[in-house]
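Novice: Dropping the structure in here first, questions after.
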Amino acid sequence: MKLKSLIKYVVNSASYGILLAVMLLLLVPELRENNATLWNIFQVNPKTQPALSYAKAVQAAAPAVVNIYSEEIQNNPSYVRSQRKSTRLGSGVIMDSNGYLLTNYHVVQNANLINVLLQNGQQYHAELIGFDIYTDLAVLKVNAQNLPVIPQNKTQQSLAGDVVLAIGNPLNLGQTITQGIISATGRIGLSNTSYLQFLQMDAAINKGNSGGALVNTNGVLVGINSRQFTEINPQLNDIQGIFFAVPYQLAYKVMQQIIENGRVIRGWLGIVSDHYNQTAKGFTISGIEPNGPADIAGLKVGDVVYQIGETQIESTNHALDIVAETTPDTTLVFKVYRNNESLSIPVKILEKRGL
């Protein structure tokens, strides 16, 4: 019992001691100032959460986004000596250290002179290497080295809901950042021929933003900004929050083909299809262009194509992308269902010509 009483006495004494120390710290401010560490034991200091910021992403990507000024000399047929200079404003993205840039074709269309202005004030004349009407992309080349290059990820996949930043030079106000989310994702195959199949987002794109960079919150390029959605119906002229960008992977494919070939070469099949047969896992041919590759090979309306080469067909767009990215004059074996019979039909893919 003596040991138990002793322990009880020690505990009570310690409790009284701690209580006394706290009272002294509360009553004598000087003790708190000289013993800050001890005082902090009793003081609650909630941690301040850092403010959400995309500054690091902007710092990584913005130096590689340039201002583009293209000039077109227009002659007046009524007056031999009368000429008018038209200047078009846009943005561009430095894609590699060799001086290749991506922008929109409509920014440099018919331009006699193209000037590129970097964010550090350096200015260069640019050469138009080539363009692609279907995606409204153009590749420019400047004679410079050690240029800042936009961060890229070849396996980049964008999803609806991703936060994105649009970087460009709207209305020549200087480099500006707008923020939004991806509203809908676009296709990345070369059969992509419609703005409605691009990335859709609500980060604002104004005149001068075209050709600029769309990046994620890490500053990695996810698309090339294109333009705002427009509607012919005059009653819908107040549309807001619908803007488009060419997906990065598609833009990269287009750029590589233009650099290598001076233009984009697409394979062509010459069919129309608006139905995917879930049971047969293939697309149904609803129309065939006369004297096109499909017609020459013997494909028929109503055929269900379920395999091209060694690839099983996942959707109609998947099949069209396979064809578009096939080198012309290549023969592919199409496996089709016709009247409940499976057939293998060789088809020689030809080149799809421009608009």
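Letters for chains follow the order of the structure tokens (A, B, ...), residue numbers begin at 1 for each chain, and ligand numbers begin at 1 in the order shown.
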Show me, as a tab-separated table (two decimals) with all heavy atoms, in the first residue's frame, the residues that have an atom within 9 Å of region 148-164 of chain A when counting only C-alpha atoms, minus same-chain residues fewer than 3 positions from it.
Specialist:
chain	number	residue	atom	x	y	z
A	60	ALA	N	6.64	26.98	-67.28
A	60	ALA	CA	7.22	25.92	-68.10
A	60	ALA	C	6.85	26.05	-69.57
A	60	ALA	O	7.66	25.75	-70.45
A	60	ALA	CB	6.77	24.55	-67.57
A	61	ALA	N	5.62	26.50	-69.84
A	61	ALA	CA	5.12	26.48	-71.22
A	61	ALA	C	5.17	27.83	-71.93
A	61	ALA	O	5.41	27.89	-73.14
A	61	ALA	CB	3.68	25.97	-71.22
A	62	ALA	N	4.92	28.91	-71.21
A	62	ALA	CA	4.74	30.22	-71.84
A	62	ALA	C	5.91	30.69	-72.70
A	62	ALA	O	5.68	31.30	-73.75
A	62	ALA	CB	4.40	31.26	-70.76
A	63	PRO	N	7.19	30.46	-72.32
A	63	PRO	CA	8.28	30.95	-73.16
A	63	PRO	C	8.28	30.37	-74.57
A	63	PRO	O	8.85	30.97	-75.49
A	63	PRO	CB	9.54	30.52	-72.39
A	63	PRO	CG	9.09	30.42	-70.97
A	63	PRO	CD	7.69	29.89	-71.05
A	64	ALA	N	7.64	29.19	-74.76
A	64	ALA	CA	7.62	28.55	-76.07
A	64	ALA	C	6.42	28.95	-76.91
A	64	ALA	O	6.24	28.45	-78.03
A	64	ALA	CB	7.65	27.03	-75.91
A	65	VAL	N	5.57	29.83	-76.39
A	65	VAL	CA	4.40	30.32	-77.15
A	65	VAL	C	4.74	31.70	-77.70
A	65	VAL	O	5.08	32.61	-76.94
A	65	VAL	CB	3.15	30.38	-76.26
A	65	VAL	CG1	1.95	30.83	-77.09
A	65	VAL	CG2	2.87	29.02	-75.63
A	93	VAL	N	3.47	27.83	-81.51
A	93	VAL	CA	4.10	27.03	-80.46
A	93	VAL	C	5.41	26.44	-81.00
A	93	VAL	O	5.42	25.79	-82.05
A	93	VAL	CB	3.18	25.88	-80.00
A	93	VAL	CG1	3.83	25.09	-78.87
A	93	VAL	CG2	1.83	26.43	-79.55
A	94	ILE	N	6.50	26.67	-80.28
A	94	ILE	CA	7.80	26.10	-80.67
A	94	ILE	C	7.81	24.63	-80.26
A	94	ILE	O	7.71	24.30	-79.08
A	94	ILE	CB	8.96	26.85	-79.99
A	94	ILE	CG1	8.92	28.34	-80.36
A	94	ILE	CG2	10.30	26.24	-80.40
A	94	ILE	CD1	9.94	29.19	-79.62
A	95	MET	N	7.95	23.75	-81.26
A	95	MET	CA	7.81	22.31	-81.03
A	95	MET	C	9.14	21.59	-80.85
A	95	MET	O	9.18	20.52	-80.24
A	95	MET	CB	7.02	21.67	-82.17
A	95	MET	CG	5.60	22.20	-82.31
A	95	MET	SD	4.56	21.82	-80.88
A	95	MET	CE	4.39	20.04	-81.06
A	96	ASP	N	10.22	22.12	-81.42
A	96	ASP	CA	11.52	21.49	-81.22
A	96	ASP	C	12.64	22.49	-81.37
A	96	ASP	O	12.43	23.63	-81.80
A	96	ASP	CB	11.71	20.27	-82.13
A	96	ASP	CG	12.03	20.64	-83.57
A	96	ASP	OD1	12.07	21.84	-83.90
A	96	ASP	OD2	12.27	19.72	-84.36
A	97	SER	N	13.84	22.07	-80.99
A	97	SER	CA	14.98	22.98	-80.94
A	97	SER	C	15.50	23.34	-82.33
A	97	SER	O	16.36	24.22	-82.45
A	97	SER	CB	16.11	22.36	-80.11
A	97	SER	OG	16.50	21.10	-80.64
A	178	THR	N	-5.70	32.03	-70.18
A	178	THR	CA	-7.08	31.80	-69.78
A	178	THR	C	-7.21	30.36	-69.31
A	178	THR	O	-6.46	29.48	-69.76
A	178	THR	CB	-8.07	32.07	-70.93
A	178	THR	OG1	-7.71	31.29	-72.08
A	178	THR	CG2	-8.06	33.54	-71.31
A	179	GLN	N	-8.16	30.11	-68.42
A	179	GLN	CA	-8.26	28.79	-67.80
A	179	GLN	C	-9.66	28.22	-67.99
A	179	GLN	O	-10.65	28.95	-68.04
A	179	GLN	CB	-7.93	28.90	-66.31
A	179	GLN	CG	-8.06	27.61	-65.51
A	179	GLN	CD	-9.36	27.50	-64.77
A	179	GLN	OE1	-9.98	28.51	-64.44
A	179	GLN	NE2	-9.81	26.28	-64.53
A	180	GLY	N	-9.74	26.90	-68.12
A	180	GLY	CA	-11.03	26.25	-68.26
A	180	GLY	C	-10.87	24.76	-68.09
A	180	GLY	O	-9.86	24.28	-67.56
A	181	ILE	N	-11.85	24.01	-68.56
A	181	ILE	CA	-11.76	22.55	-68.54
A	181	ILE	C	-12.06	22.02	-69.93
A	181	ILE	O	-12.65	22.70	-70.76
A	181	ILE	CB	-12.73	21.91	-67.53
A	181	ILE	CG1	-14.20	22.18	-67.94
A	181	ILE	CG2	-12.45	22.39	-66.12
A	181	ILE	CD1	-15.19	21.35	-67.18
A	182	ILE	N	-11.62	20.80	-70.19
A	182	ILE	CA	-11.97	20.12	-71.44
A	182	ILE	C	-13.41	19.65	-71.31
A	182	ILE	O	-13.76	18.91	-70.39
A	182	ILE	CB	-11.01	18.95	-71.72
A	182	ILE	CG1	-9.61	19.49	-72.02
A	182	ILE	CG2	-11.53	18.10	-72.87
A	182	ILE	CD1	-8.58	18.41	-72.27
A	183	SER	N	-14.25	20.11	-72.23
A	183	SER	CA	-15.67	19.76	-72.20
A	183	SER	C	-15.94	18.44	-72.90
A	183	SER	O	-16.86	17.71	-72.52
A	183	SER	CB	-16.50	20.88	-72.86
A	183	SER	OG	-16.15	22.14	-72.34
A	184	ALA	N	-15.18	18.16	-73.95
A	184	ALA	CA	-15.33	16.91	-74.70
A	184	ALA	C	-14.01	16.63	-75.39
A	184	ALA	O	-13.29	17.56	-75.78
A	184	ALA	CB	-16.46	17.01	-75.73
A	185	THR	N	-13.68	15.36	-75.53
A	185	THR	CA	-12.40	14.99	-76.14
A	185	THR	C	-12.56	14.79	-77.63
A	185	THR	O	-13.65	14.53	-78.14
A	185	THR	CB	-11.84	13.71	-75.52
A	185	THR	OG1	-12.81	12.66	-75.64
A	185	THR	CG2	-11.52	13.92	-74.05
A	186	GLY	N	-11.45	14.91	-78.37
A	186	GLY	CA	-11.46	14.77	-79.82
A	186	GLY	C	-10.69	13.55	-80.25
A	186	GLY	O	-9.97	12.93	-79.48
A	199	LEU	N	-10.66	18.71	-79.58
A	199	LEU	CA	-10.91	18.96	-78.17
A	199	LEU	C	-11.83	20.15	-78.04
A	199	LEU	O	-11.62	21.19	-78.67
A	199	LEU	CB	-9.59	19.26	-77.44
A	199	LEU	CG	-8.58	18.13	-77.29
A	199	LEU	CD1	-7.33	18.66	-76.61
A	199	LEU	CD2	-9.16	16.98	-76.51
A	200	GLN	N	-12.86	20.01	-77.24
A	200	GLN	CA	-13.76	21.14	-76.95
A	200	GLN	C	-13.49	21.59	-75.53
A	200	GLN	O	-13.39	20.76	-74.62
A	200	GLN	CB	-15.21	20.72	-77.10
A	200	GLN	CG	-16.21	21.84	-76.81
A	200	GLN	CD	-17.64	21.36	-76.84
A	200	GLN	OE1	-17.99	20.47	-77.59
A	200	GLN	NE2	-18.48	21.95	-75.99
A	201	MET	N	-13.35	22.88	-75.32
A	201	MET	CA	-13.07	23.39	-73.98
A	201	MET	C	-13.66	24.78	-73.82
A	201	MET	O	-14.16	25.38	-74.79
A	201	MET	CB	-11.55	23.38	-73.70
A	201	MET	CG	-10.67	23.83	-74.84
A	201	MET	SD	-10.45	25.60	-74.96
A	201	MET	CE	-9.38	25.77	-76.38
A	203	ALA	N	-11.88	27.34	-72.12
A	203	ALA	CA	-10.85	28.37	-71.95
A	203	ALA	C	-10.95	29.33	-73.13
A	203	ALA	O	-10.92	28.90	-74.29
A	203	ALA	CB	-9.46	27.74	-71.89
A	213	ALA	N	-0.94	27.66	-77.48
A	213	ALA	CA	-0.84	26.38	-76.79
A	213	ALA	C	-1.99	26.18	-75.81
A	213	ALA	O	-2.39	27.10	-75.10
A	213	ALA	CB	0.49	26.29	-76.04
A	214	LEU	N	-2.51	24.96	-75.78
A	214	LEU	CA	-3.41	24.52	-74.72
A	214	LEU	C	-2.62	23.52	-73.89
A	214	LEU	O	-2.17	22.49	-74.41
A	214	LEU	CB	-4.66	23.87	-75.31
A	214	LEU	CG	-5.76	23.52	-74.30
A	214	LEU	CD1	-6.41	24.80	-73.77
A	214	LEU	CD2	-6.81	22.61	-74.92
A	215	VAL	N	-2.39	23.82	-72.62
A	215	VAL	CA	-1.56	22.98	-71.76
A	215	VAL	C	-2.35	22.53	-70.54
A	215	VAL	O	-3.36	23.13	-70.17
A	215	VAL	CB	-0.28	23.72	-71.31
A	215	VAL	CG1	0.53	24.19	-72.51
A	215	VAL	CG2	-0.61	24.91	-70.40
A	216	ASN	N	-1.84	21.44	-69.91
A	216	ASN	CA	-2.48	21.00	-68.67
A	216	ASN	C	-1.83	21.69	-67.48
A	216	ASN	O	-0.99	22.59	-67.65
A	216	ASN	CB	-2.42	19.47	-68.55
A	216	ASN	CG	-0.99	18.93	-68.49
A	216	ASN	OD1	-0.04	19.66	-68.20
A	216	ASN	ND2	-0.83	17.65	-68.78
A	217	THR	N	-2.17	21.29	-66.28
A	217	THR	CA	-1.69	21.99	-65.09
A	217	THR	C	-0.23	21.69	-64.78
A	217	THR	O	0.31	22.24	-63.82
A	217	THR	CB	-2.56	21.63	-63.87
A	217	THR	OG1	-2.64	20.20	-63.72
A	217	THR	CG2	-3.96	22.20	-64.04
A	218	ASN	N	0.40	20.83	-65.58
A	218	ASN	CA	1.85	20.62	-65.48
A	218	ASN	C	2.61	21.39	-66.56
A	218	ASN	O	3.82	21.30	-66.64
A	218	ASN	CB	2.18	19.13	-65.59
A	218	ASN	CG	1.71	18.34	-64.39
A	218	ASN	OD1	1.77	18.82	-63.26
A	218	ASN	ND2	1.20	17.13	-64.63
A	219	GLY	N	1.87	22.12	-67.39
A	219	GLY	CA	2.50	22.86	-68.47
A	219	GLY	C	2.76	22.03	-69.71
A	219	GLY	O	3.42	22.50	-70.64
A	220	VAL	N	2.25	20.79	-69.76
A	220	VAL	CA	2.47	19.89	-70.91
A	220	VAL	C	1.43	20.19	-71.99
A	220	VAL	O	0.24	20.35	-71.70
A	220	VAL	CB	2.38	18.42	-70.47
A	220	VAL	CG1	2.51	17.49	-71.68
A	220	VAL	CG2	3.47	18.10	-69.45
A	221	LEU	N	1.88	20.25	-73.23
A	221	LEU	CA	1.00	20.57	-74.36
A	221	LEU	C	-0.06	19.49	-74.57
A	221	LEU	O	0.27	18.31	-74.69
A	221	LEU	CB	1.84	20.73	-75.63
A	221	LEU	CG	1.10	21.18	-76.89
A	221	LEU	CD1	0.60	22.61	-76.74
A	221	LEU	CD2	2.02	21.07	-78.11
A	222	VAL	N	-1.33	19.90	-74.62
A	222	VAL	CA	-2.41	18.95	-74.90
A	222	VAL	C	-3.13	19.28	-76.19
A	222	VAL	O	-3.90	18.46	-76.70
A	222	VAL	CB	-3.42	18.89	-73.73
A	222	VAL	CG1	-2.75	18.47	-72.45
A	222	VAL	CG2	-4.14	20.22	-73.54
A	247	PRO	N	-6.12	18.18	-80.96
A	247	PRO	CA	-5.44	17.35	-79.96
A	247	PRO	C	-3.94	17.23	-80.26
A	247	PRO	O	-3.55	17.16	-81.43
A	247	PRO	CB	-6.14	15.99	-80.08
A	247	PRO	CG	-7.46	16.30	-80.69
A	247	PRO	CD	-7.24	17.48	-81.60
A	248	TYR	N	-3.13	17.20	-79.22
A	248	TYR	CA	-1.68	17.17	-79.39
A	248	TYR	C	-1.21	16.04	-80.29
A	248	TYR	O	-0.40	16.25	-81.20
A	248	TYR	CB	-0.98	17.07	-78.03
A	248	TYR	CG	0.47	16.66	-78.15
A	248	TYR	CD1	1.42	17.55	-78.65
A	248	TYR	CD2	0.89	15.39	-77.79
A	248	TYR	CE1	2.74	17.18	-78.79
A	248	TYR	CE2	2.21	15.02	-77.93
A	248	TYR	CZ	3.13	15.90	-78.43
A	248	TYR	OH	4.44	15.53	-78.58
A	249	GLN	N	-1.70	14.83	-80.05
A	249	GLN	CA	-1.21	13.68	-80.83
A	249	GLN	C	-1.52	13.83	-82.31
A	249	GLN	O	-0.70	13.48	-83.17
A	249	GLN	CB	-1.79	12.38	-80.27
A	249	GLN	CG	-1.17	11.98	-78.93
A	249	GLN	CD	-1.78	10.71	-78.37
A	249	GLN	OE1	-2.94	10.68	-78.01
A	249	GLN	NE2	-0.99	9.66	-78.32
A	252	TYR	N	0.79	16.53	-83.70
A	252	TYR	CA	2.16	16.03	-83.86
A	252	TYR	C	2.28	15.17	-85.12
A	252	TYR	O	3.27	15.28	-85.86
A	252	TYR	CB	2.57	15.23	-82.63
A	252	TYR	CG	4.01	14.81	-82.64
A	252	TYR	CD1	5.02	15.70	-82.25
A	252	TYR	CD2	4.39	13.53	-83.04
A	252	TYR	CE1	6.35	15.33	-82.27
A	252	TYR	CE2	5.72	13.15	-83.06
A	252	TYR	CZ	6.70	14.04	-82.67
A	252	TYR	OH	8.02	13.67	-82.71
Novice: Output as a ChimeraX atom specification all residues of region 157-283 of chain A that backbone DSSP marks as strand (DSSP E).
Specialist: /A:163-168,176-184,199-201,213-215,221-228,243-247,266-268,271-272,275-277,282-283
Novice: Could you give me, as a PyMOL selection string, the residues within 8 Å of Ile114 (chain A), counting only C-alpha atoms and dropping anything in the same chain fewer than 2 positions from it?
Specialist: chain A and resi 68-71+108+111-112+116+125-127
Novice: Counting only C-alpha atoms, what is within 12 Å of Arg227 (chain A), bar same-chain residues fewer than 2 positions away, as a PyMOL selection string?
Specialist: chain A and resi 90-91+103-107+135-137+166+168+170+195-196+198-212+214+224-225+229-230+241-246
Novice: Name all residues at most 7 Å from region 271-287 of chain A (count only C-alpha atoms; drop same-chain ones fewer than 2 positions away) and give them as a VMD selection string.
Specialist: chain A and resid 269 289 294 301 to 306 313 to 316
Novice: Considering only C-alpha atoms, state which residue in the set A:Leu350, A:Val336, A:Val264, A:Leu118 is at the smallest distance from Gln175 (chain A).
Specialist: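 When distances to Gln175 (chain A) are compared using only C-alpha atoms, the smallest one comes from A:Leu118.
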Novice: Got a sec to tell me which of region 138-345 of chain A DSSP assigns to alpha helix (DSSP H), as a VMD selection string?
Specialist: chain A and resid 248 to 261 293 to 297 316 to 324
Novice: Please measure the separation of CA of Ala319 (chain A) and CA of Pro346 (chain A), giving the value in Å to one decimal.
Specialist: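 So the two atoms, CA of Ala319 (chain A) and CA of Pro346 (chain A), lie 15.2 Å apart.
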Novice: For CA of Gln145 (chain A) and CA of Asn110 (chain A), quote the distance in Å rounded to one decimal.
Specialist: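 CA of Asn110 (chain A) lies at a distance of 26.9 Å from CA of Gln145 (chain A).
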Novice: Which of these, A:Ser86, A:Gln109, A:Gln74, A:Gly130, has the shortest distance to Gly262 (chain A) once you count only C-alpha atoms?
Specialist: A:Gly130
Novice: So which residues touch Ser344 (chain A) within 12 Å, counting only C-alpha atoms, skipping near sequence neighbours fewer than 2 positions away, as a list in words?
Specialist: Ala297, Gly298, Leu299, Asp303, Val304, Val305, Tyr306, Gln307, Ile308, Gly309, Glu310, Leu332, Val333, Phe334, Lys335, Val336, Tyr337, Arg338, Glu341, Ser342, Pro346 and Val347 of chain A
Novice: In terms of the shortest atom-to-atom distance over only C-alpha atoms, which of A:Tyr124, A:Leu173, A:Lys300, A:Lys85 is closest to Gly270 (chain A)?
Specialist: A:Lys300
Novice: Would you mind telling me which residue in A:Arg266, A:Lys47, A:Arg84, A:His318 lies nearest to Lys253 (chain A) when using only C-alpha atoms?
Specialist: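 Comparing A:Arg266, A:Lys47, A:Arg84, A:His318 against Lys253 (chain A), the winner is A:Arg266.
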Novice: Quote the spacing between CA of Glu325 (chain A) and CA of Gly189 (chain A) in Å to one decimal place.
Specialist: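 According to the coordinates, CA of Glu325 (chain A) and CA of Gly189 (chain A) are separated by 7.5 Å.
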